[in-house]
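Trainee: Following this line is my_file.tsv, made up of TSV, C-alpha atoms:
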chain	number	residue	atom	x	y	z
A	518	ASP	CA	-15.95	35.98	16.96
A	519	GLU	CA	-17.76	33.90	14.35
A	520	ARG	CA	-14.73	33.68	12.09
A	521	ASP	CA	-12.51	32.50	14.93
A	522	ARG	CA	-15.05	29.83	15.85
A	523	LEU	CA	-15.18	28.65	12.25
A	524	LEU	CA	-11.39	28.49	12.11
A	525	ASP	CA	-11.35	26.49	15.34
A	526	GLY	CA	-13.83	24.13	13.69
A	527	LEU	CA	-11.30	23.42	10.98
A	528	HIS	CA	-9.50	21.15	13.47
A	529	VAL	CA	-12.03	18.58	12.31
A	530	LEU	CA	-10.11	18.46	9.02
A	531	THR	CA	-7.14	16.92	10.81
A	532	ASN	CA	-9.21	13.75	11.08
A	533	GLY	CA	-9.61	13.56	7.30
A	534	LEU	CA	-8.44	10.29	5.82
A	535	ASP	CA	-8.55	11.21	2.15
A	536	VAL	CA	-6.72	14.13	0.51
A	537	THR	CA	-9.59	14.94	-1.83
A	538	GLN	CA	-12.05	14.97	1.06
A	539	VAL	CA	-9.75	17.28	3.01
A	540	PHE	CA	-9.55	19.63	0.02
A	541	ASP	CA	-13.34	19.65	-0.39
A	542	GLY	CA	-13.75	20.32	3.31
A	543	MET	CA	-11.40	23.28	3.09
A	544	LEU	CA	-13.49	24.94	0.38
A	545	GLN	CA	-16.78	24.34	2.19
A	546	VAL	CA	-15.63	25.73	5.53
A	547	LEU	CA	-13.61	28.68	4.19
A	548	ARG	CA	-16.43	30.06	2.08
A	549	SER	CA	-18.03	31.34	5.31
A	550	VAL	CA	-14.70	32.36	6.84
A	551	LEU	CA	-13.22	34.32	3.92
A	552	GLY	CA	-16.36	35.22	2.01
A	553	PHE	CA	-15.02	34.26	-1.40
A	554	GLU	CA	-17.27	33.62	-4.38
A	555	HIS	CA	-15.25	30.76	-5.85
A	556	ALA	CA	-12.17	28.79	-4.87
A	557	PHE	CA	-9.96	26.02	-6.16
A	558	ILE	CA	-6.85	24.14	-5.10
A	559	LEU	CA	-3.83	23.57	-7.32
A	560	VAL	CA	-1.37	20.70	-6.97
A	561	TYR	CA	1.66	19.70	-9.00
A	562	THR	CA	1.36	17.35	-11.96
A	563	ASP	CA	4.19	15.02	-12.97
A	564	SER	CA	5.65	17.96	-14.88
A	565	LYS	CA	6.45	21.41	-13.48
A	566	LEU	CA	2.86	22.58	-13.93
A	567	LEU	CA	0.10	22.95	-11.36
A	568	LYS	CA	-3.37	21.53	-12.03
A	569	THR	CA	-6.76	21.89	-10.40
A	570	ALA	CA	-7.46	19.22	-7.79
A	571	VAL	CA	-10.85	20.51	-6.57
A	572	SER	CA	-12.89	23.62	-7.30
A	573	THR	CA	-16.24	25.24	-6.56
A	574	ALA	CA	-16.85	26.20	-10.20
A	575	GLU	CA	-16.45	24.34	-13.46
A	576	VAL	CA	-14.62	27.25	-15.05
A	577	PHE	CA	-11.56	26.52	-12.88
A	578	GLU	CA	-11.41	22.81	-13.69
A	579	ASN	CA	-8.96	21.21	-16.16
A	580	LEU	CA	-6.59	24.19	-16.05
A	581	ARG	CA	-2.78	24.09	-16.03
A	582	TRP	CA	-0.75	26.82	-14.33
A	583	GLU	CA	2.94	27.54	-14.81
A	584	PRO	CA	4.43	28.98	-11.59
A	585	ASP	CA	5.96	32.44	-11.95
A	586	LYS	CA	7.11	34.95	-9.34
A	587	LEU	CA	3.83	35.13	-7.38
A	588	PHE	CA	3.15	31.39	-7.28
A	589	ARG	CA	6.74	30.67	-6.29
A	590	ARG	CA	6.34	33.10	-3.38
A	591	VAL	CA	3.15	31.37	-2.29
A	592	LEU	CA	4.73	27.91	-2.59
A	593	SER	CA	7.55	29.13	-0.33
A	594	GLY	CA	4.95	29.67	2.41
A	595	HIS	CA	3.55	33.19	1.95
A	596	THR	CA	-0.13	34.09	1.61
A	597	VAL	CA	-0.62	36.74	-1.08
A	598	ALA	CA	-3.71	38.85	-1.83
A	599	THR	CA	-3.88	40.40	-5.30
A	600	PHE	CA	-5.89	43.56	-6.04
A	601	ASP	CA	-6.31	42.73	-9.75
A	602	VAL	CA	-5.48	39.30	-11.18
A	603	ASN	CA	-5.07	40.82	-14.65
A	604	GLN	CA	-1.73	42.19	-13.47
A	605	ILE	CA	-0.40	38.77	-12.44
A	606	PRO	CA	1.70	36.79	-15.02
A	607	GLU	CA	0.22	33.42	-13.99
A	608	TRP	CA	-3.33	34.72	-14.48
A	609	LYS	CA	-2.55	36.43	-17.79
A	610	LYS	CA	-1.76	33.03	-19.32
A	611	GLN	CA	-5.20	31.64	-18.42
A	612	PRO	CA	-8.35	31.78	-20.63
A	613	ALA	CA	-10.10	35.17	-20.77
A	614	MET	CA	-13.31	33.64	-19.39
A	615	LEU	CA	-11.70	33.52	-15.93
A	616	GLN	CA	-11.80	37.33	-15.82
A	617	GLU	CA	-15.58	37.17	-15.94
A	618	VAL	CA	-15.72	35.46	-12.53
A	619	ALA	CA	-12.43	36.47	-10.89
A	620	LEU	CA	-10.91	39.95	-10.61
A	621	SER	CA	-9.21	39.68	-7.23
A	622	ALA	CA	-7.71	36.61	-5.57
A	623	LEU	CA	-6.24	35.33	-2.34
A	624	HIS	CA	-3.42	32.79	-2.78
A	625	VAL	CA	-2.79	30.53	0.24
A	626	PRO	CA	-0.11	27.82	0.69
A	627	VAL	CA	-1.94	24.75	2.02
A	628	GLY	CA	0.39	21.90	1.10
A	629	THR	CA	3.13	20.07	2.93
A	630	SER	CA	6.84	19.82	2.16
A	631	GLU	CA	6.13	16.52	0.38
A	632	LYS	CA	2.98	17.67	-1.45
A	633	GLN	CA	2.83	21.36	-2.29
A	634	ALA	CA	-0.56	22.96	-2.98
A	635	ILE	CA	-2.10	26.39	-3.40
A	636	LEU	CA	-5.60	27.39	-2.36
A	637	ILE	CA	-6.89	30.25	-4.53
A	638	CYS	CA	-9.99	32.16	-3.43
A	639	THR	CA	-11.54	34.56	-5.93
A	640	HIS	CA	-14.01	37.43	-6.02
A	641	SER	CA	-15.54	39.50	-8.82
A	642	ILE	CA	-14.70	42.76	-7.01
A	643	ARG	CA	-11.20	44.17	-7.43
A	644	GLY	CA	-9.33	44.57	-4.15
A	645	TYR	CA	-11.86	42.48	-2.22
A	646	PHE	CA	-9.28	40.60	-0.15
A	647	THR	CA	-7.73	42.62	2.68
A	648	ARG	CA	-5.03	42.23	5.30
A	649	GLN	CA	-7.59	40.61	7.60
A	650	HIS	CA	-8.24	37.93	4.98
A	651	VAL	CA	-4.51	37.25	4.83
A	652	VAL	CA	-4.31	36.86	8.62
A	653	LEU	CA	-7.26	34.46	8.69
A	654	ALA	CA	-5.82	32.48	5.75
A	655	ASP	CA	-2.43	32.17	7.48
A	656	ARG	CA	-4.12	30.73	10.57
A	657	PHE	CA	-6.05	28.32	8.38
A	658	ALA	CA	-2.93	27.25	6.44
A	659	VAL	CA	-1.39	25.70	9.58
A	660	LEU	CA	-4.50	23.58	10.16
A	661	ALA	CA	-4.63	22.64	6.49
A	662	LYS	CA	-1.05	21.38	6.54
A	663	ASN	CA	-1.80	19.21	9.58
A	664	ALA	CA	-4.89	17.80	7.89
A	665	LEU	CA	-3.00	16.98	4.69
A	666	HIS	CA	-0.15	15.43	6.66
A	667	ASN	CA	-2.64	13.13	8.40
A	668	ALA	CA	-4.28	12.26	5.09
A	669	ASP	CA	-0.91	11.47	3.50
A	670	LEU	CA	0.05	9.35	6.50
A	671	TYR	CA	-3.22	7.43	6.32
A	672	ALA	CA	-2.77	6.89	2.56
A	673	ALA	CA	0.74	5.54	3.14
A	674	LEU	CA	-0.44	3.23	5.92
A	675	LYS	CA	-3.36	2.05	3.80
A	676	HIS	CA	-0.98	1.33	0.92
A	677	GLU	CA	1.30	-0.65	3.24
A	678	ARG	CA	-1.69	-2.55	4.62
A	679	ASP	CA	-3.02	-3.34	1.16
A	680	THR	CA	0.45	-4.43	0.01
A	681	LEU	CA	0.83	-6.63	3.08
A	682	GLU	CA	-2.60	-8.18	2.50
A	683	ILE	CA	-1.62	-9.00	-1.08
A	684	ARG	CA	1.66	-10.54	0.05
A	685	VAL	CA	-0.10	-12.55	2.76
A	686	ALA	CA	-2.65	-13.80	0.21
A	687	GLU	CA	0.12	-14.77	-2.20
A	688	ARG	CA	2.11	-16.49	0.53
A	689	THR	CA	-1.00	-18.28	1.79
A	690	ALA	CA	-1.66	-19.55	-1.73
A	691	GLN	CA	1.95	-20.74	-1.98
A	692	ILE	CA	1.77	-22.50	1.37
A	693	SER	CA	-1.56	-24.04	0.42
A	694	ALA	CA	-0.06	-25.30	-2.83
A	695	LEU	CA	2.94	-26.73	-1.00
A	696	ALA	CA	0.66	-28.34	1.56
A	697	ARG	CA	-1.29	-30.02	-1.23
A	698	PHE	CA	1.84	-31.21	-2.98
A	699	PRO	CA	2.36	-34.39	-0.93
A	700	GLU	CA	-1.35	-35.24	-1.20
A	701	GLU	CA	-1.24	-34.88	-4.97
A	702	ASN	CA	2.09	-36.66	-5.38
A	703	PRO	CA	1.55	-40.06	-7.08
A	704	PHE	CA	4.63	-41.41	-5.27
A	705	PRO	CA	4.67	-42.31	-1.57
A	706	VAL	CA	5.65	-39.50	0.82
A	707	LEU	CA	6.19	-39.95	4.57
A	708	ARG	CA	7.01	-37.56	7.36
A	709	VAL	CA	9.01	-39.18	10.14
A	710	ASP	CA	10.01	-37.68	13.50
A	711	ALA	CA	13.46	-37.98	15.10
A	712	SER	CA	12.54	-41.26	16.78
A	713	GLY	CA	11.58	-42.86	13.47
A	714	SER	CA	7.80	-42.77	14.01
A	715	ILE	CA	5.50	-42.05	11.06
A	716	GLN	CA	3.78	-38.69	11.53
A	717	TYR	CA	2.23	-38.32	8.09
A	718	SER	CA	1.66	-40.41	4.98
A	719	ASN	CA	0.13	-39.28	1.70
A	720	PRO	CA	-2.51	-41.43	-0.07
A	721	ALA	CA	0.13	-43.28	-2.11
A	722	ALA	CA	2.10	-44.09	1.04
A	723	VAL	CA	-1.02	-45.23	2.94
A	724	ILE	CA	-1.46	-48.07	0.46
A	725	ILE	CA	2.12	-49.28	0.94
A	726	LEU	CA	1.90	-48.97	4.71
A	727	ALA	CA	-1.31	-51.00	4.74
A	728	GLU	CA	0.37	-53.72	2.67
A	729	THR	CA	3.28	-53.88	5.10
A	730	GLY	CA	1.12	-53.71	8.22
A	731	LEU	CA	2.25	-50.24	9.27
A	732	ASN	CA	0.07	-47.29	10.30
A	733	ARG	CA	0.58	-43.65	11.16
A	734	GLY	CA	2.30	-43.47	14.55
A	735	ASP	CA	4.15	-46.76	14.05
A	736	GLU	CA	7.94	-46.90	13.87
A	737	LEU	CA	9.66	-47.50	10.56
A	738	PRO	CA	11.77	-50.64	10.07
A	739	SER	CA	15.15	-50.46	11.80
A	740	GLN	CA	17.18	-49.66	8.67
A	741	TRP	CA	14.82	-46.83	7.75
A	742	ARG	CA	14.98	-45.36	11.27
A	743	LYS	CA	18.77	-45.30	11.13
A	744	LEU	CA	18.66	-43.45	7.82
A	745	THR	CA	16.21	-40.93	9.32
A	746	MET	CA	18.53	-40.21	12.23
A	747	LYS	CA	21.56	-40.01	9.92
A	748	ALA	CA	19.85	-37.48	7.66
A	749	LEU	CA	18.94	-35.32	10.67
A	750	ARG	CA	22.41	-35.62	12.15
A	751	LYS	CA	24.22	-34.65	8.93
A	752	ASN	CA	21.48	-32.23	7.87
A	753	LYS	CA	21.59	-33.27	4.25
A	754	PRO	CA	19.46	-35.54	2.03
A	755	ILE	CA	20.29	-39.21	1.72
A	756	THR	CA	19.20	-41.34	-1.23
A	757	VAL	CA	19.43	-45.14	-0.93
A	758	GLU	CA	17.85	-48.37	-2.14
A	759	LEU	CA	15.62	-50.05	0.41
A	760	GLU	CA	14.13	-53.51	0.68
A	761	HIS	CA	11.07	-54.34	2.73
A	762	LEU	CA	8.97	-57.50	2.60
A	763	ASN	CA	10.34	-58.46	-0.84
A	764	ARG	CA	9.65	-55.01	-2.25
A	765	TYR	CA	12.31	-52.57	-3.35
A	766	PHE	CA	12.23	-48.81	-3.07
A	767	SER	CA	14.39	-45.86	-4.00
A	768	GLY	CA	14.15	-43.67	-0.93
A	769	THR	CA	15.28	-40.07	-0.39
A	770	PHE	CA	15.43	-38.87	3.21
A	771	VAL	CA	15.24	-35.06	3.38
A	772	PRO	CA	15.82	-33.54	6.84
A	773	VAL	CA	13.94	-30.49	8.13
A	774	GLN	CA	16.12	-29.71	11.14
A	775	THR	CA	14.21	-26.67	12.30
A	776	ALA	CA	11.15	-28.87	12.86
A	777	ASN	CA	13.14	-32.00	13.79
A	778	TYR	CA	11.58	-34.33	11.23
A	779	VAL	CA	12.48	-35.99	7.93
A	780	ASN	CA	10.43	-36.19	4.75
A	781	VAL	CA	10.85	-39.55	3.04
A	782	TYR	CA	10.15	-39.71	-0.70
A	783	LEU	CA	9.75	-43.24	-2.04
A	784	GLU	CA	9.61	-44.79	-5.48
A	785	ASP	CA	8.70	-48.46	-5.90
A	786	ILE	CA	11.40	-50.00	-8.11
A	787	SER	CA	10.46	-53.66	-7.50
A	788	ASP	CA	9.73	-54.21	-11.20
A	789	ARG	CA	13.23	-53.12	-12.12
A	790	LYS	CA	14.67	-55.71	-9.78
A	791	LYS	CA	12.93	-58.62	-11.50
Can you dump the structure from the file as structure tokens?

Mentor:
Amino acid sequence: DERDRLLDGLHVLTNGLDVTQVFDGMLQVLRSVLGFEHAFILVYTDSKLLKTAVSTAEVFENLRWEPDKLFRRVLSGHTVATFDVNQIPEWKKQPAMLQEVALSALHVPVGTSEKQAILICTHSIRGYFTRQHVVLADRFAVLAKNALHNADLYAALKHERDTLEIRVAERTAQISALARFPEENPFPVLRVDASGSIQYSNPAAVIILAETGLNRGDELPSQWRKLTMKALRKNKPITVELEHLNRYFSGTFVPVQTANYVNVYLEDISDRKK
């Protein structure tokens, strides 16, 4: 019948990607299925109280509910229809204005094991909700749990994606800063492969190379090549004094074995030798 078709249509909720949207969808679809006048969904706060997540009427917003016997039964997975809410401890603690719009209520567990929730449908006629309403609500509760599970899963995946994007951005910035470091270094920096050929030179090193007649791709002087190979072989930095064309340098050869090259950090100390 029409109600069965509407319940079947609730499968659409399982594609919901936001918990609030799923909750809103529940209220919209179930109004036709259960014939309630108003409805709202309660979820746990950080304390042991339940609060309104969504509602069809302002009167049910910003309320706090302390679970008693009935709510605990619902949270354990049972749908409960109440003939008169004025006889229910949880309802007795609420403002009197609720009695003006709600005399009977249907309480439906719609949460998951990780996120408990109660759907409460109300009507201004006492005893409005029958056994048939309970049966329909129980069928709906299964679909609701699936929809909320999907929404929670999507939220978790989105959080992981957003966290990963932040980490990638941070790491990219770090790598970019490290990549700029040699360029910004006022001292000469070279990158030399295992054969002793110059693969990279920062602006400060380009000047020295030009003065000594060397270019990128050329081999370093013999002594420097030997130090490059020694640093790679021992896999530890080597710091020595070097002389080339009457100029003196303090050179540190730092091996990067995983990439099979050596970074050479130079400091011109010719003035100290005079």

Trainee: Do a neighbour search on Val618 (chain A) at 8 Å with all atoms listed in the file, toss out local chain neighbours closer than 6 positions, and write the hits as a short mmCIF file (atom, residue, chain, number, x, y, z; two decimals) with C-alpha atoms, in the frame of the given file.

Mentor:
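File produced: selection_35.cif:
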data_model
loop_
_atom_site.label_atom_id
_atom_site.label_comp_id
_atom_site.auth_asym_id
_atom_site.auth_seq_id
_atom_site.Cartn_x
_atom_site.Cartn_y
_atom_site.Cartn_z
CA THR A 639 -11.54 34.56 -5.93
CA HIS A 640 -14.01 37.43 -6.02
CA SER A 641 -15.54 39.50 -8.82
#

Trainee: Calculated over only C-alpha atoms, which of the candidates A:Val723, A:Leu749, A:Gly542, A:Glu575 has the smallest distance to Met614 (chain A)?

Mentor: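 Using only C-alpha atoms, Met614 (chain A) sits closest to A:Glu575.
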
Trainee: What's around Lys662 (chain A) at 7 Å? Count only C-alpha atoms, leave out sequence neighbours fewer than 3 positions away in its own chain, and write the answer as number ranges by chain.

Mentor: A: 627-629, 658-659, 665-666

Trainee: Need to verify the contact set: region 586-603 of chain A, 7 Å, all atoms listed in the file, exclusion of same-chain residues closer than 3 positions in sequence. Can you return it as a list in words?

Mentor: Trp608, Lys609, Leu620, Ser621, Ala622, Leu623, His624, Val625, Pro626, Gln633, Arg643, Gly644, Phe646, Val651 and Asp655 of chain A

Trainee: Please list as JSON, numbers by chain every residue within 9 Å of Arg708 (chain A), counting all atoms listed in the file and excluding residues in the same chain fewer than 6 positions away.

Mentor: {"A": [714, 715, 716, 717, 718, 778, 779, 780, 781, 782]}

Trainee: From the list A:Thr680, A:Thr569, A:Val773, A:Arg764, which residue is nearest Lys751 (chain A) when using only C-alpha atoms?

Mentor: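 The closest residue to Lys751 (chain A) is A:Val773.
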
Trainee: Excluding Leu737 (chain A) and any residue of its chain fewer than 3 positions from it, enumerate the residues within 9 Å of it, using only C-alpha atoms, and give them as a list in words.

Mentor: Val709, Gly713, Ser714, Ile715, Leu731, Gln740, Trp741 and Arg742 of chain A

Trainee: A:Ala634, A:Phe540, A:Glu758, A:Gly552: which is nearest Pro584 (chain A), counting only C-alpha atoms?

Mentor: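 Nearest candidate to Pro584 (chain A) out of A:Ala634, A:Phe540, A:Glu758, A:Gly552: A:Ala634.
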
Trainee: Can you measure CA of Ala574 (chain A) to CA of Leu544 (chain A) for me? One decimal in Å is fine.

Mentor: 11.2 Å

Trainee: To one decimal place, how far is CA of Val576 (chain A) from CA of Pro606 (chain A) in Å?

Mentor: 18.9 Å

Trainee: Restricting the calculation to only C-alpha atoms, which member of A:Ala776, A:Leu580, A:Val706, A:Leu653 is positioned closest to Tyr561 (chain A)?

Mentor: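 Nearest candidate to Tyr561 (chain A) out of A:Ala776, A:Leu580, A:Val706, A:Leu653: A:Leu580.
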